[in-house]
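Read the structure below first, then the notes.
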Amino acid sequence: MATSLISRRHLMHSGGGAMAGYSVLRLAGSSLAFQSDAEVIPWLDQPEENPVPEAIVNQIVWEELDSWITPNEEFFIIKHFNAPELNEADWQLQITGLVDNPLSLTLAHLRAREQEERTVTLECSGNSAFPFNKGLVSNAAWTGVSLASLLEEAGIQEHGREVVFWGADAGEQVWREATITEQFARSMSVSDAMAPENLIATEMNGEQLPHMHGFPARLIAPGWYGVANVKWLTKIEVRDSRYQGNFMARDYVTIREEAVGGESVWTFTSVGRGRLKSAPARVTRTGDRYSIMGAAWGAQVGGVDVRIDDGAWQPATLTEGDGSGFTWTFWTMDWDAPAAGEHTVTSRAIDADGAIQPAADDPYLTARTTYWENNGQITRQILIS
Ligand SMILES: Nc1nc2c(c(=O)[nH]1)N[C@H]1C(S)=C(S)[C@@H](COP(=O)(O)O)O[C@H]1N2
Ligand SMILES: [Mo]
């Protein structure tokens, strides 16, 4: 467990962030990488040009990572269809389907209810699958209403099995011979939906939810890949069977060759919970001292190792995190006297149970024919002059 790790190895301070209302554990004090006189040495392998600017609207720039909370303007954005401009006067969130007491909630209704805050890192399950998408992960403090409290008030009927989250955005999809207009929607089982950490969020980092992040309300499902966190939410519907829309059953499906009962078969699984992952963020130089910092996320992070070129793995120091398992943890490592020339920097995260982030060429990853859920180790290239 990360909490025991933190109390064992590190000092705890509260309110270390720029905003009030959430707590950041400053695990090991400030690192070289955050010193203002530090010079950032950009990676040689800069992201390639984004070929899908309609869908990937913003990515974080790793070299500029200097705050545990991602400012709203820097938070990555993924939109698959349109970005509906919903206005508060017309908008309602319906809780409908197999419930005893359907609810229609305005933004004012949501704001009048008990507010909860969660700091949650979102990662798109397509992050780091291609050289152009290295920056699809960010961390924010989200405020809103507990999803479980809304579902409890609505009263899920006995034959309710799945909870569907409907977005207001839609686009044309071709299914066999038919062209239809499909809403963005995702579902999860009733027991997953009832998890106490799930939030219907209306605020991001203390501001009203920005338009591109789903105004007026979105689902925040801590521990799930980004796609589960439905934006521009208008309806929450309880059904008696699994919802099989595009983002559950066709796209965002991992296809992999696996041995099942001793025989090789192709399996199809819907992108779901996040996976243990890390990335080197930047290398800085202060005088003649070099430091590497980065982030790790996707599980309770117990540690991070760093490897220079083909050298031995060396333990990094965890610097900032909150022990929840739902946020990224920052780490840093001093890089002693690197030789001039080109080098590679690779990181691997270790979770609280000792599981290690897989190598990029791990058979579990290479057996996929789809690119989703790539949590392989990330190697960056750098020139030390
Ligand atoms: N309604 C709706 N919700 C959505 C999406 C979308 O296109 N429409 N994109 C999903 C995907 S794939 C990701 S990775 C996250 C990204 O959230 P962000 O844009 O706030 O970073 O939103 C998810 N929620
Ligand atoms: Mo995504």
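Ordering of the structure tokens sets the chain letters (A, B, ...); residue numbers start at 1 within each chain; ligands are numbered from 1 in the order shown.
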Inset, instruction - If you run DSSP over the backbone, which residues in segment 330-382 of chain A end up helix (DSSP H, G or I)? Put them as a PyMOL selection string. - result: chain A and resi 363-366
Those residues with C-alpha atoms, as a short mmCIF file (atom, residue, chain, number, x, y, z; two decimals), in the first residue's frame please?
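Saved file part36.cif follows:
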data_model
loop_
_atom_site.label_atom_id
_atom_site.label_comp_id
_atom_site.auth_asym_id
_atom_site.auth_seq_id
_atom_site.Cartn_x
_atom_site.Cartn_y
_atom_site.Cartn_z
CA PRO A 363 4.95 -10.53 -24.91
CA TYR A 364 1.76 -9.46 -23.14
CA LEU A 365 1.99 -6.16 -25.01
CA THR A 366 3.38 -7.41 -28.31
#
Contact table chain A vs ligand 1, cut-off 7 Å, shortest pair per residue, only C-alpha atoms and all ligand atoms, as a tab-separated table:
residue	atom	partner	partner_atom_place_in_ligand_line	distance
A:Phe75	CA	ligand 1	21 (O)	6.1
A:Phe76	CA	ligand 1	21 (O)	4.7
A:Ile77	CA	ligand 1	19 (O)	3.3
A:Ile78	CA	ligand 1	19 (O)	4.1
A:Lys79	CA	ligand 1	7 (O)	3.5
A:His80	CA	ligand 1	7 (O)	3.8
A:Phe81	CA	ligand 1	7 (O)	5.8
A:Leu122	CA	ligand 1	21 (O)	6.7
A:Glu123	CA	ligand 1	14 (S)	6.0
A:Cys124	CA	ligand 1	14 (S)	3.6
A:Ser125	CA	ligand 1	14 (S)	6.5
A:Gly167	CA	ligand 1	1 (N)	4.1
A:Ala168	CA	ligand 1	1 (N)	6.3
A:Asp169	CA	ligand 1	1 (N)	5.6
A:Phe184	CA	ligand 1	1 (N)	5.2
A:Ala185	CA	ligand 1	1 (N)	6.8
A:Met212	CA	ligand 1	19 (O)	6.4
A:His213	CA	ligand 1	20 (O)	4.0
A:Gly214	CA	ligand 1	20 (O)	6.8
A:Tyr225	CA	ligand 1	14 (S)	6.8
A:Gly226	CA	ligand 1	14 (S)	3.7
A:Val227	CA	ligand 1	11 (C)	3.6
A:Ala228	CA	ligand 1	23 (C)	6.0
A:Asn229	CA	ligand 1	24 (N)	4.8
A:Val230	CA	ligand 1	3 (N)	3.7
A:Lys231	CA	ligand 1	3 (N)	3.7
A:Trp232	CA	ligand 1	1 (N)	5.2
A:Leu233	CA	ligand 1	1 (N)	6.6
Legend entry - Shortest interatomic distance to ligand 2 - which of A:Ala55, A:Val260, A:Ala281, A:Leu107, counting only C-alpha atoms and all ligand atoms: A:Ala55
Inset, instruction - Select, from A:Trp335, A:Glu342, A:Ser104, A:Arg282, the residue with the minimum atom-to-atom distance to Thr234 of chain A, counting only C-alpha atoms. - result: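 Nearest to Thr234 of chain A: A:Ser104.
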Inset, instruction - Excluding segment 344-349 of chain A and residues on its chain fewer than 6 positions from it, collect all residues at most 7 Å away from it, counting only C-alpha atoms, and give them as a VMD selection string. - result: chain A and resid 276 to 280 296 301 303 to 309 356 to 357 377 to 382
Legend entry - Best match for closeness to ligand 2 among A:Ser149, A:Gln173, A:Thr179, A:Asn127, counting only C-alpha atoms and all ligand atoms: A:Asn127
Inset, instruction - Give the strand (DSSP E) residues of segment 84-164 of chain A, as assigned by DSSP on the backbone, as a list in words. - result: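 After running DSSP on the backbone, segment 84-164 of chain A has strand (DSSP E) at Leu93, Gln94, Ile95, Thr96, Gly97, Leu103, Ser104, Leu105, Glu116, Glu117, Arg118, Thr119, Val120, Thr121, Leu122, Glu123, Val137, Ser138, Asn139, Ala140, Ala141, Trp142, Thr143, Gly144, Val145, Ser146, Glu162, Val163 and Val164 of chain A.
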Go ahead and save the residues from that selection, with N, CA, C and O atoms, as a CSV table (one decimal), in the first residue's frame.
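Generated output (again-v8.csv):
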chain,number,residue,atom,x,y,z
A,93,LEU,N,-29.5,16.8,-16.0
A,93,LEU,CA,-29.0,15.4,-15.9
A,93,LEU,C,-30.1,14.5,-15.5
A,93,LEU,O,-30.6,14.7,-14.4
A,94,GLN,N,-30.4,13.6,-16.4
A,94,GLN,CA,-31.5,12.6,-16.0
A,94,GLN,C,-30.9,11.3,-15.5
A,94,GLN,O,-29.9,10.8,-16.0
A,95,ILE,N,-31.5,10.8,-14.4
A,95,ILE,CA,-31.2,9.5,-14.0
A,95,ILE,C,-32.4,8.6,-14.2
A,95,ILE,O,-33.5,8.9,-13.7
A,96,THR,N,-32.2,7.7,-15.1
A,96,THR,CA,-33.4,7.1,-15.7
A,96,THR,C,-33.2,5.6,-16.0
A,96,THR,O,-32.2,5.0,-15.6
A,97,GLY,N,-34.2,4.9,-16.6
A,97,GLY,CA,-34.1,3.5,-16.8
A,97,GLY,C,-34.6,2.7,-15.7
A,97,GLY,O,-35.7,3.1,-15.1
A,103,LEU,N,-34.7,10.8,-11.7
A,103,LEU,CA,-34.3,12.2,-11.3
A,103,LEU,C,-34.0,13.0,-12.5
A,103,LEU,O,-33.5,12.5,-13.5
A,104,SER,N,-34.3,14.3,-12.4
A,104,SER,CA,-33.9,15.3,-13.3
A,104,SER,C,-33.2,16.4,-12.6
A,104,SER,O,-33.9,17.1,-11.8
A,105,LEU,N,-31.9,16.6,-12.8
A,105,LEU,CA,-31.2,17.5,-11.9
A,105,LEU,C,-30.6,18.6,-12.8
A,105,LEU,O,-30.0,18.4,-13.8
A,116,GLU,N,-18.0,16.8,-3.1
A,116,GLU,CA,-16.8,16.0,-2.8
A,116,GLU,C,-15.7,16.3,-3.7
A,116,GLU,O,-16.0,16.7,-4.9
A,117,GLU,N,-14.5,16.2,-3.3
A,117,GLU,CA,-13.4,16.5,-4.2
A,117,GLU,C,-12.5,15.3,-4.3
A,117,GLU,O,-12.2,14.6,-3.3
A,118,ARG,N,-12.0,15.0,-5.5
A,118,ARG,CA,-11.0,14.0,-5.7
A,118,ARG,C,-10.0,14.5,-6.6
A,118,ARG,O,-10.3,15.0,-7.7
A,119,THR,N,-8.8,14.2,-6.3
A,119,THR,CA,-7.7,14.5,-7.3
A,119,THR,C,-7.5,13.2,-8.1
A,119,THR,O,-7.3,12.1,-7.5
A,120,VAL,N,-7.6,13.3,-9.4
A,120,VAL,CA,-7.6,12.1,-10.2
A,120,VAL,C,-6.8,12.3,-11.5
A,120,VAL,O,-7.0,13.4,-12.1
A,121,THR,N,-5.9,11.4,-11.8
A,121,THR,CA,-5.1,11.5,-13.0
A,121,THR,C,-5.9,10.7,-14.1
A,121,THR,O,-6.4,9.6,-13.9
A,122,LEU,N,-6.1,11.4,-15.2
A,122,LEU,CA,-6.7,10.7,-16.4
A,122,LEU,C,-5.6,10.4,-17.4
A,122,LEU,O,-4.7,11.2,-17.7
A,123,GLU,N,-5.6,9.2,-17.9
A,123,GLU,CA,-4.8,8.9,-19.1
A,123,GLU,C,-5.6,8.3,-20.2
A,123,GLU,O,-6.5,7.4,-19.9
A,137,VAL,N,-1.9,12.4,-20.7
A,137,VAL,CA,-2.1,12.1,-19.3
A,137,VAL,C,-2.0,13.4,-18.5
A,137,VAL,O,-1.1,14.2,-18.8
A,138,SER,N,-2.8,13.6,-17.5
A,138,SER,CA,-2.9,14.8,-16.8
A,138,SER,C,-3.6,14.6,-15.4
A,138,SER,O,-4.2,13.6,-15.3
A,139,ASN,N,-3.4,15.5,-14.5
A,139,ASN,CA,-3.9,15.3,-13.2
A,139,ASN,C,-4.7,16.6,-12.7
A,139,ASN,O,-4.1,17.7,-12.8
A,140,ALA,N,-5.9,16.4,-12.2
A,140,ALA,CA,-6.7,17.6,-11.7
A,140,ALA,C,-7.4,17.2,-10.5
A,140,ALA,O,-7.7,16.0,-10.2
A,141,ALA,N,-7.8,18.3,-9.8
A,141,ALA,CA,-8.7,18.1,-8.6
A,141,ALA,C,-10.2,18.4,-9.1
A,141,ALA,O,-10.4,19.4,-9.7
A,142,TRP,N,-11.0,17.4,-9.0
A,142,TRP,CA,-12.4,17.4,-9.5
A,142,TRP,C,-13.3,17.5,-8.4
A,142,TRP,O,-13.2,16.9,-7.3
A,143,THR,N,-14.3,18.4,-8.5
A,143,THR,CA,-15.3,18.6,-7.5
A,143,THR,C,-16.7,18.3,-8.0
A,143,THR,O,-17.0,18.6,-9.2
A,144,GLY,N,-17.5,17.6,-7.2
A,144,GLY,CA,-18.9,17.3,-7.7
A,144,GLY,C,-19.6,16.4,-6.7
A,144,GLY,O,-19.3,16.5,-5.5
A,145,VAL,N,-20.6,15.7,-7.2
A,145,VAL,CA,-21.5,14.9,-6.3
A,145,VAL,C,-21.1,13.4,-6.5
A,145,VAL,O,-20.8,12.9,-7.6
A,146,SER,N,-21.2,12.7,-5.4
A,146,SER,CA,-21.0,11.3,-5.4
A,146,SER,C,-22.0,10.6,-6.3
A,146,SER,O,-23.2,10.8,-6.2
A,162,GLU,N,-26.4,-2.8,-15.5
A,162,GLU,CA,-25.4,-1.9,-16.1
A,162,GLU,C,-25.9,-0.5,-16.0
A,162,GLU,O,-27.1,-0.2,-16.1
A,163,VAL,N,-24.9,0.4,-15.8
A,163,VAL,CA,-25.2,1.9,-15.8
A,163,VAL,C,-24.5,2.5,-17.0
A,163,VAL,O,-23.3,2.4,-17.2
A,164,VAL,N,-25.4,3.1,-17.8
A,164,VAL,CA,-24.9,3.7,-19.0
A,164,VAL,C,-24.7,5.2,-18.8
A,164,VAL,O,-25.7,5.9,-18.3
Inset, instruction - Between A:Glu88, A:Glu182, A:Glu153, A:Glu177, single out the one closest to Gln208 of chain A, counting only C-alpha atoms. - result: A:Glu88
Inset, instruction - Can you pull out every residue within 9 Å of Gly135 of chain A, counting only C-alpha atoms, but drop anything in the same chain fewer than 5 positions away, and send it as a list of chain:residue names? - result: A:Pro47, A:Asn58, A:Gln59, A:Ile60, A:Val61, A:Trp62, A:Phe76, A:Glu123, A:Asn127, A:Ser128
Next, dump the selected residues to file, keeping only N, CA, C and O atoms, as a PDB file, in the first residue's frame.
ATOM      1  N   PRO A  47       7.726  14.768 -29.846  1.00  0.00           N
ATOM      2  CA  PRO A  47       6.528  14.168 -30.456  1.00  0.00           C
ATOM      3  C   PRO A  47       6.382  14.578 -31.916  1.00  0.00           C
ATOM      4  O   PRO A  47       6.679  15.717 -32.273  1.00  0.00           O
ATOM      5  N   ASN A  58      -5.239  18.712 -27.359  1.00  0.00           N
ATOM      6  CA  ASN A  58      -4.194  19.284 -26.506  1.00  0.00           C
ATOM      7  C   ASN A  58      -3.436  18.149 -25.846  1.00  0.00           C
ATOM      8  O   ASN A  58      -4.046  17.148 -25.456  1.00  0.00           O
ATOM      9  N   GLN A  59      -2.127  18.301 -25.762  1.00  0.00           N
ATOM     10  CA  GLN A  59      -1.325  17.307 -25.049  1.00  0.00           C
ATOM     11  C   GLN A  59      -0.393  18.027 -24.084  1.00  0.00           C
ATOM     12  O   GLN A  59      -0.006  19.170 -24.337  1.00  0.00           O
ATOM     13  N   ILE A  60      -0.008  17.337 -23.023  1.00  0.00           N
ATOM     14  CA  ILE A  60       0.959  17.971 -22.126  1.00  0.00           C
ATOM     15  C   ILE A  60       2.347  17.902 -22.765  1.00  0.00           C
ATOM     16  O   ILE A  60       2.644  17.006 -23.556  1.00  0.00           O
ATOM     17  N   VAL A  61       3.166  18.877 -22.405  1.00  0.00           N
ATOM     18  CA  VAL A  61       4.563  18.909 -22.859  1.00  0.00           C
ATOM     19  C   VAL A  61       5.399  18.454 -21.663  1.00  0.00           C
ATOM     20  O   VAL A  61       5.447  19.136 -20.636  1.00  0.00           O
ATOM     21  N   TRP A  62       5.996  17.285 -21.777  1.00  0.00           N
ATOM     22  CA  TRP A  62       6.667  16.697 -20.614  1.00  0.00           C
ATOM     23  C   TRP A  62       7.750  17.599 -20.033  1.00  0.00           C
ATOM     24  O   TRP A  62       7.891  17.706 -18.816  1.00  0.00           O
ATOM     25  N   PHE A  76      -4.700  17.581 -21.154  1.00  0.00           N
ATOM     26  CA  PHE A  76      -4.948  17.046 -22.504  1.00  0.00           C
ATOM     27  C   PHE A  76      -6.458  16.959 -22.772  1.00  0.00           C
ATOM     28  O   PHE A  76      -7.258  16.896 -21.839  1.00  0.00           O
ATOM     29  N   GLU A 123      -5.647   9.185 -17.945  1.00  0.00           N
ATOM     30  CA  GLU A 123      -4.775   8.854 -19.069  1.00  0.00           C
ATOM     31  C   GLU A 123      -5.638   8.272 -20.184  1.00  0.00           C
ATOM     32  O   GLU A 123      -6.467   7.381 -19.933  1.00  0.00           O
ATOM     33  N   ASN A 127      -2.522   6.660 -25.069  1.00  0.00           N
ATOM     34  CA  ASN A 127      -1.294   7.399 -24.772  1.00  0.00           C
ATOM     35  C   ASN A 127      -0.051   6.550 -25.015  1.00  0.00           C
ATOM     36  O   ASN A 127      -0.014   5.384 -24.647  1.00  0.00           O
ATOM     37  N   SER A 128       0.950   7.168 -25.633  1.00  0.00           N
ATOM     38  CA  SER A 128       2.272   6.580 -25.902  1.00  0.00           C
ATOM     39  C   SER A 128       2.212   5.348 -26.804  1.00  0.00           C
ATOM     40  O   SER A 128       3.112   4.525 -26.810  1.00  0.00           O
TER      41      SER A 128
END
Inset, instruction - Identify, on the basis of only C-alpha atoms, every residue whose closest approach to Asp192 of chain A does not exceed 12 Å; exclude the query and any residue fewer than 2 positions from it along the same chain; express the result as a PyMOL selection string. - result: chain A and resi 147-148+161-164+187-190+194-198+221-224+228+272-273
Legend entry - Contacts of Thr202 of chain A within 6 Å, only C-alpha atoms, excl. fewer than 6 positions in-chain, as an NGL selection string: :A and (144 or 209 or 216-217)
Inset, instruction - In Å, rounded to a single decimal, give me how far atom CA of Ala108 of chain A is from atom CA of Phe165 of chain A. - result: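 Atom CA of Ala108 of chain A lies at a distance of 20.2 Å from atom CA of Phe165 of chain A.
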Inset, instruction - Would you mind listing what lies within 9 Å of Thr370 of chain A as a list in words, with only C-alpha atoms counted and same-chain residues fewer than 4 positions away left out? - result: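 Listing them by chain and then by number gives Tyr252, Val253, Thr254, Ile255 and Arg256 of chain A.
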Deliver the residues from the most recent selection as a file, using all heavy atoms, as a PDB file, in the first residue's frame.
ATOM      1  N   TYR A 252     -11.890   1.173 -28.902  1.00  0.00           N
ATOM      2  CA  TYR A 252     -11.475   0.991 -27.505  1.00  0.00           C
ATOM      3  C   TYR A 252     -11.670  -0.459 -27.065  1.00  0.00           C
ATOM      4  O   TYR A 252     -12.090  -0.731 -25.942  1.00  0.00           O
ATOM      5  CB  TYR A 252     -12.187   1.967 -26.576  1.00  0.00           C
ATOM      6  CG  TYR A 252     -11.630   3.380 -26.690  1.00  0.00           C
ATOM      7  CD1 TYR A 252     -12.124   4.270 -27.627  1.00  0.00           C
ATOM      8  CD2 TYR A 252     -10.578   3.799 -25.882  1.00  0.00           C
ATOM      9  CE1 TYR A 252     -11.595   5.546 -27.764  1.00  0.00           C
ATOM     10  CE2 TYR A 252     -10.049   5.070 -26.010  1.00  0.00           C
ATOM     11  CZ  TYR A 252     -10.560   5.948 -26.949  1.00  0.00           C
ATOM     12  OH  TYR A 252     -10.033   7.190 -27.075  1.00  0.00           O
ATOM     13  N   VAL A 253     -11.382  -1.362 -27.981  1.00  0.00           N
ATOM     14  CA  VAL A 253     -11.369  -2.794 -27.677  1.00  0.00           C
ATOM     15  C   VAL A 253      -9.945  -3.293 -27.913  1.00  0.00           C
ATOM     16  O   VAL A 253      -9.355  -2.996 -28.948  1.00  0.00           O
ATOM     17  CB  VAL A 253     -12.369  -3.557 -28.574  1.00  0.00           C
ATOM     18  CG1 VAL A 253     -12.168  -5.066 -28.453  1.00  0.00           C
ATOM     19  CG2 VAL A 253     -13.803  -3.180 -28.202  1.00  0.00           C
ATOM     20  N   THR A 254      -9.405  -3.976 -26.931  1.00  0.00           N
ATOM     21  CA  THR A 254      -8.069  -4.561 -27.082  1.00  0.00           C
ATOM     22  C   THR A 254      -8.203  -5.973 -27.631  1.00  0.00           C
ATOM     23  O   THR A 254      -8.947  -6.785 -27.080  1.00  0.00           O
ATOM     24  CB  THR A 254      -7.332  -4.559 -25.719  1.00  0.00           C
ATOM     25  OG1 THR A 254      -7.013  -3.207 -25.399  1.00  0.00           O
ATOM     26  CG2 THR A 254      -6.049  -5.376 -25.774  1.00  0.00           C
ATOM     27  N   ILE A 255      -7.520  -6.223 -28.725  1.00  0.00           N
ATOM     28  CA  ILE A 255      -7.548  -7.546 -29.353  1.00  0.00           C
ATOM     29  C   ILE A 255      -6.157  -8.152 -29.199  1.00  0.00           C
ATOM     30  O   ILE A 255      -5.159  -7.525 -29.561  1.00  0.00           O
ATOM     31  CB  ILE A 255      -7.931  -7.438 -30.845  1.00  0.00           C
ATOM     32  CG1 ILE A 255      -9.250  -6.660 -30.985  1.00  0.00           C
ATOM     33  CG2 ILE A 255      -8.036  -8.827 -31.471  1.00  0.00           C
ATOM     34  CD1 ILE A 255      -9.674  -6.427 -32.428  1.00  0.00           C
ATOM     35  N   ARG A 256      -6.117  -9.339 -28.623  1.00  0.00           N
ATOM     36  CA  ARG A 256      -4.826  -9.921 -28.254  1.00  0.00           C
ATOM     37  C   ARG A 256      -4.869 -11.428 -28.461  1.00  0.00           C
ATOM     38  O   ARG A 256      -5.900 -12.061 -28.255  1.00  0.00           O
ATOM     39  CB  ARG A 256      -4.564  -9.600 -26.782  1.00  0.00           C
ATOM     40  CG  ARG A 256      -3.480 -10.414 -26.139  1.00  0.00           C
ATOM     41  CD  ARG A 256      -3.402 -10.215 -24.643  1.00  0.00           C
ATOM     42  NE  ARG A 256      -2.885  -8.905 -24.303  1.00  0.00           N
ATOM     43  CZ  ARG A 256      -3.535  -7.990 -23.623  1.00  0.00           C
ATOM     44  NH1 ARG A 256      -4.745  -8.243 -23.165  1.00  0.00           N
ATOM     45  NH2 ARG A 256      -2.989  -6.829 -23.374  1.00  0.00           N
TER      46      ARG A 256
END
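The coordinates place atom CA of Val271 of chain A at 28.4 Å from atom CA of Ser67 of chain A.
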Inset, instruction - Could you tell me which of A:Met248, A:Ile156, A:Ala112, A:Met293 comes closest to ligand 2 if we count only C-alpha atoms and all ligand atoms? - result: A:Met248
